[in-house]
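Enquirer: Mind looking over this structure? Questions follow.
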Amino acid sequence: MNIDDLPIRDDLRGKSPYGAPQLDVAVRLNTNENSYPLPDEVTDAIGKALQAELRDLNRYPDRDAVALRTDLADYLGHGLTTANLWAANGSNEVQQQLLQAFAGPGRSALGFGPSYSMHPLLAQGTGTRWIGALRDPDFGLTPAAAREQLARHDPDLVFLCSPNNPTGTALDPEVIAEVLAHARGMVVVDEAYAEFARAGTPSALGLIAGHPRLVVTRTMSKAFGFAGGRLGYFAAHPAVVDAVQLVRLPYHLSSLTQAAARAALAQRDALLATVEAIKEQRDRIVDELRRSGYRVADSDANFVLFEVGGDQKIAWQRLLDRGVLIRDVGLPGWLRVTAGIPAETDAFLEALR
Ligand SMILES: *Cc1c(COP(=O)(O)O)cnc(C)c1O
């Protein structure tokens with residue numbers, strides 16, 4: 001008895017689930033988590049916030065998560081308010097809801113690969129036809145190339161990822177402007193790594209006021225070190241928030257998640273203090289790899305994509321044999337490594353040598 005014996009949907013037959021290996025090794029630099037554990041002051045604050053919710057667990061949570069959305073709007077700035085914000089269990093769920101509301105059966109979503117592997121998987125799960133458009137061979141994307149592929153495919157929803165995972169580089173703002181000017185449907189800019197961008201990299205948040213079909217998704221999984229807490233969100237025109245309410249499960253965001261996320265947001269100075277240290281490690285990895293002769297993509301994120309010069313599967317295994325887990329994202333010849341604490345950078349560079 002296995003999956004094929006079940007009356008599973010035809011379009012899911014033979015497919016594999018998302019699966020970054022979760023291996024128990026000393027140095028885990030494969031899923032772009034924040035390597036710093038939460039500081040005591042933050043765990044104390046989250047503990048108190050959770051405790052305060054416990055008596056009321058007999059009641060459903062605030063379905064609209066108003067207080068949390070207000071705190072998220074306050075964090076983002078850009079003149080955004082509660083009505084512009086929506087939150088769910090990770091930006092993956094937020095993106096799934098966007099596909100359910102704006103794509104789905106009979107509709108299409110387009111992304112420019114190589115990009116985040118969850119975008120096509122979320123499309124698949126929601127019955128959305130996926131269109132794998134392409135970046136240039138050097139992983140760049142020009143406004144003209146983006147426009148040409150949009151015109152050819154006319155998708156109902158476009159994913160842009162900036163800074164892009166797995167390449168690391170932020171999009172030229174002109175690409176976003178070009179896509180907004182020419183896309184017929186929704187434009188979702190995944191900014192999971194925005195807090196790590198190099199100075200002078202604008203966020204698409206500033207474009208929301210003039211573009212009702214633009215959605216900017218964010219997450220607390222990376223810069224905030226809150227991957228286990230599962231909190232992602234988006235900012236968009238209030239009508240987009242109204243639209244996802246048609247597909248979200250009632251009470252999708254538990255009162256514990258809402259309380260923990262609010263406590264973490266209130267402690268954001270302490271949590272985001274690690275961002276600068278991580279950027280330093282990121283820049284160190286880029287510099288050292290380039291000095292050693294590797295080709296490396298520019299990074300605005302907490303990870304670095306580099307060319308190993310050979311079969312990346314073999315290089316990945318050899319690093320793992322030395323206790324360093326990084327990521328084979330399926331790009332022939334390239335591997336991705338997360339920037340963590342200094343000792344992890346040491347271990348990675350030493351293993352690579
Ligand atoms: C890590 C990541 C996310 C985060 O997903 P969550 O569900 O919020 O943990 C979203 N988008 C991209 C591109 C990522 O790399």
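By order in the structure tokens, chains are A, B, ...; within a chain, residues start at 1; ligands start at 1, following the order shown.
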Check which residues fall inside 7 Å of ligand 1 when counting only C-alpha atoms and all ligand atoms, and print them as JSON, numbers by chain.
Expert: {"A": [32, 89, 90, 91, 92, 93, 116, 161, 164, 165, 190, 191, 192, 218, 219, 220, 221, 222, 227, 230, 231, 232]}
Enquirer: Counting only C-alpha atoms, give me one row per residue of range 24-132 of chain A with an atom at most 9 Å from an atom of range 304-323 of chain A, showing the shortest contact pair and its distance in Å to one decimal, sorted by chain then residue number, as a tab-separated table.
Expert:
```
residue	atom	partner	partner_atom	distance
A:Val25	CA	A:Gly323	CA	5.7
A:Ala26	CA	A:Gly323	CA	5.9
A:Val27	CA	A:Gly323	CA	6.2
A:Arg28	CA	A:Gly323	CA	8.5
```
Enquirer: Those same residues, written as a PDB file, in the first residue's frame with N, CA, C and O atoms?
Expert:
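Here's the written file part.pdb:
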```pdb
ATOM      1  N   VAL A  25      23.659  17.706  12.081  1.00  0.00           N
ATOM      2  CA  VAL A  25      25.111  17.903  12.002  1.00  0.00           C
ATOM      3  C   VAL A  25      25.472  19.182  12.744  1.00  0.00           C
ATOM      4  O   VAL A  25      24.608  20.001  13.057  1.00  0.00           O
ATOM      5  N   ALA A  26      26.774  19.353  13.004  1.00  0.00           N
ATOM      6  CA  ALA A  26      27.215  20.466  13.848  1.00  0.00           C
ATOM      7  C   ALA A  26      26.931  21.817  13.195  1.00  0.00           C
ATOM      8  O   ALA A  26      26.477  22.753  13.851  1.00  0.00           O
ATOM      9  N   VAL A  27      27.192  21.910  11.907  1.00  0.00           N
ATOM     10  CA  VAL A  27      27.087  23.209  11.236  1.00  0.00           C
ATOM     11  C   VAL A  27      25.994  23.122  10.170  1.00  0.00           C
ATOM     12  O   VAL A  27      26.171  22.500   9.131  1.00  0.00           O
ATOM     13  N   ARG A  28      24.848  23.741  10.473  1.00  0.00           N
ATOM     14  CA  ARG A  28      23.699  23.662   9.564  1.00  0.00           C
ATOM     15  C   ARG A  28      23.492  25.006   8.866  1.00  0.00           C
ATOM     16  O   ARG A  28      22.978  25.951   9.455  1.00  0.00           O
TER      17      ARG A  28
END
```
Enquirer: Using CA of Ala343 in chain A and CA of Thr31 in chain A as the two end points, give the distance in Å to one decimal.
Expert: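 CA of Thr31 in chain A lies at a distance of 17.4 Å from CA of Ala343 in chain A.
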Enquirer: If you measure from CA of Thr345 in chain A to CA of Tyr294 in chain A, what distance in Å do you get, rounded to one decimal?
Expert: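 So the answer is 15.9 Å.
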Enquirer: When you look at Arg213 in chain A with a cut-off of 8 Å (counting only C-alpha atoms), what residues show up, excluding the ones that are within fewer than 4 positions of it in the same chain? I need them as a PDB file with all heavy atoms, in the first residue's frame.
Expert:
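This went into around25.pdb:
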```pdb
ATOM      1  N   GLY A 185      -2.294  40.675 -14.194  1.00  0.00           N
ATOM      2  CA  GLY A 185      -2.800  40.139 -12.936  1.00  0.00           C
ATOM      3  C   GLY A 185      -2.054  40.672 -11.723  1.00  0.00           C
ATOM      4  O   GLY A 185      -1.518  41.773 -11.726  1.00  0.00           O
ATOM      5  N   MET A 186      -2.029  39.848 -10.677  1.00  0.00           N
ATOM      6  CA  MET A 186      -1.397  40.236  -9.429  1.00  0.00           C
ATOM      7  C   MET A 186       0.125  40.117  -9.535  1.00  0.00           C
ATOM      8  O   MET A 186       0.647  39.228 -10.213  1.00  0.00           O
ATOM      9  CB  MET A 186      -1.879  39.334  -8.292  1.00  0.00           C
ATOM     10  CG  MET A 186      -3.392  39.357  -8.051  1.00  0.00           C
ATOM     11  SD  MET A 186      -4.028  41.002  -7.617  1.00  0.00           S
ATOM     12  CE  MET A 186      -3.367  41.192  -5.952  1.00  0.00           C
ATOM     13  N   VAL A 187       0.844  40.985  -8.840  1.00  0.00           N
ATOM     14  CA  VAL A 187       2.307  40.938  -8.792  1.00  0.00           C
ATOM     15  C   VAL A 187       2.710  40.770  -7.327  1.00  0.00           C
ATOM     16  O   VAL A 187       2.451  41.650  -6.498  1.00  0.00           O
ATOM     17  CB  VAL A 187       2.929  42.219  -9.377  1.00  0.00           C
ATOM     18  CG1 VAL A 187       4.449  42.170  -9.257  1.00  0.00           C
ATOM     19  CG2 VAL A 187       2.495  42.403 -10.835  1.00  0.00           C
ATOM     20  N   ALA A 236      -0.355  45.205   1.228  1.00  0.00           N
ATOM     21  CA  ALA A 236      -0.987  45.458  -0.075  1.00  0.00           C
ATOM     22  C   ALA A 236      -2.159  46.408   0.136  1.00  0.00           C
ATOM     23  O   ALA A 236      -2.450  46.826   1.263  1.00  0.00           O
ATOM     24  CB  ALA A 236      -1.491  44.139  -0.681  1.00  0.00           C
ATOM     25  N   HIS A 237      -2.834  46.732  -0.962  1.00  0.00           N
ATOM     26  CA  HIS A 237      -4.068  47.515  -0.886  1.00  0.00           C
ATOM     27  C   HIS A 237      -5.079  46.751  -0.010  1.00  0.00           C
ATOM     28  O   HIS A 237      -5.135  45.517  -0.069  1.00  0.00           O
ATOM     29  CB  HIS A 237      -4.631  47.683  -2.299  1.00  0.00           C
ATOM     30  CG  HIS A 237      -5.771  48.645  -2.371  1.00  0.00           C
ATOM     31  ND1 HIS A 237      -7.055  48.308  -1.975  1.00  0.00           N
ATOM     32  CD2 HIS A 237      -5.833  49.938  -2.771  1.00  0.00           C
ATOM     33  CE1 HIS A 237      -7.848  49.350  -2.132  1.00  0.00           C
ATOM     34  NE2 HIS A 237      -7.130  50.360  -2.623  1.00  0.00           N
ATOM     35  N   VAL A 240      -6.960  43.714  -1.294  1.00  0.00           N
ATOM     36  CA  VAL A 240      -6.278  42.419  -1.380  1.00  0.00           C
ATOM     37  C   VAL A 240      -6.477  41.650  -0.076  1.00  0.00           C
ATOM     38  O   VAL A 240      -6.689  40.432  -0.072  1.00  0.00           O
ATOM     39  CB  VAL A 240      -4.773  42.606  -1.691  1.00  0.00           C
ATOM     40  CG1 VAL A 240      -4.073  41.256  -1.766  1.00  0.00           C
ATOM     41  CG2 VAL A 240      -4.580  43.397  -2.977  1.00  0.00           C
TER      42      VAL A 240
END
```
Enquirer: Check range 113-320 of chain A with DSSP on the backbone and list each residue it calls strand (DSSP E or B), as a PyMOL selection string.
Expert: chain A and resi 113+129-134+157-161+186-190+214-219+232-236+296+303-307
Enquirer: Restricting the calculation to only C-alpha atoms, which member of A:Asp74, A:Glu33, A:Leu121, A:Ala109 is positioned closest to Leu12 in chain A?
Expert: A:Leu121
Enquirer: Within 9 Å of Tyr36 in chain A, counting only C-alpha atoms, which residues qualify if same-chain residues fewer than 3 places away don't, as an MDAnalysis selection string?
Expert: chainID A and resid 33 39 225 274 340:341
Enquirer: Give me the residues near Gln124 in chain A as a VMD selection string, where near means some atom within 9 Å (using only C-alpha atoms) and where sequence neighbours in that chain fewer than 6 positions away do not count.
Expert: chain A and resid 11 to 12 104 130
Enquirer: Near Leu157 in chain A, within 9 Å and counting only C-alpha atoms, which residues show up once chain neighbours fewer than 6 positions away are dropped, as a PDB file with C-alpha atoms, in the first residue's frame?
Expert:
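Now in selection13.pdb:
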```pdb
ATOM      1  CA  LEU A  98      -2.841  34.607  -2.585  1.00  0.00           C
ATOM      2  CA  LEU A  99      -2.779  31.766  -5.116  1.00  0.00           C
ATOM      3  CA  PHE A 102      -6.096  35.046  -7.459  1.00  0.00           C
ATOM      4  CA  ALA A 103      -4.944  31.903  -9.309  1.00  0.00           C
ATOM      5  CA  ARG A 107      -5.337  30.107 -14.064  1.00  0.00           C
ATOM      6  CA  SER A 108      -1.561  30.498 -14.184  1.00  0.00           C
ATOM      7  CA  ALA A 109       1.310  31.848 -12.109  1.00  0.00           C
ATOM      8  CA  LEU A 110       4.737  32.779 -13.453  1.00  0.00           C
ATOM      9  CA  GLY A 111       8.127  33.039 -11.781  1.00  0.00           C
ATOM     10  CA  ALA A 183       1.290  42.554 -15.859  1.00  0.00           C
ATOM     11  CA  ARG A 184      -2.450  42.018 -16.232  1.00  0.00           C
ATOM     12  CA  GLY A 185      -2.800  40.139 -12.936  1.00  0.00           C
ATOM     13  CA  MET A 186      -1.397  40.236  -9.429  1.00  0.00           C
ATOM     14  CA  VAL A 187       2.307  40.938  -8.792  1.00  0.00           C
ATOM     15  CA  VAL A 188       3.686  39.308  -5.646  1.00  0.00           C
TER      16      VAL A 188
END
```
Enquirer: Identify which of the residues A:Val329, A:Ala297, A:Leu207, A:Leu6 lies closest to Met118 in chain A, counting only C-alpha atoms when measuring atom-to-atom distances.
Expert: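 Nearest to Met118 in chain A: A:Val329.
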Enquirer: If you run DSSP on this backbone, which residues of range 142-303 of chain A come out as helix (DSSP H, G or I), and could you give them as a ChimeraX atom specification?
Expert: /A:143-153,173-182,194-196,204-210,227-229,238-244,255-266,268-291
Enquirer: Nearest to Phe139 in chain A among A:Asp64, A:Glu344, A:Thr169, A:Gly125, with distances taken over only C-alpha atoms: which residue is it?
Expert: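 Looking at the shortest contact to Phe139 in chain A, the residue is A:Thr169.
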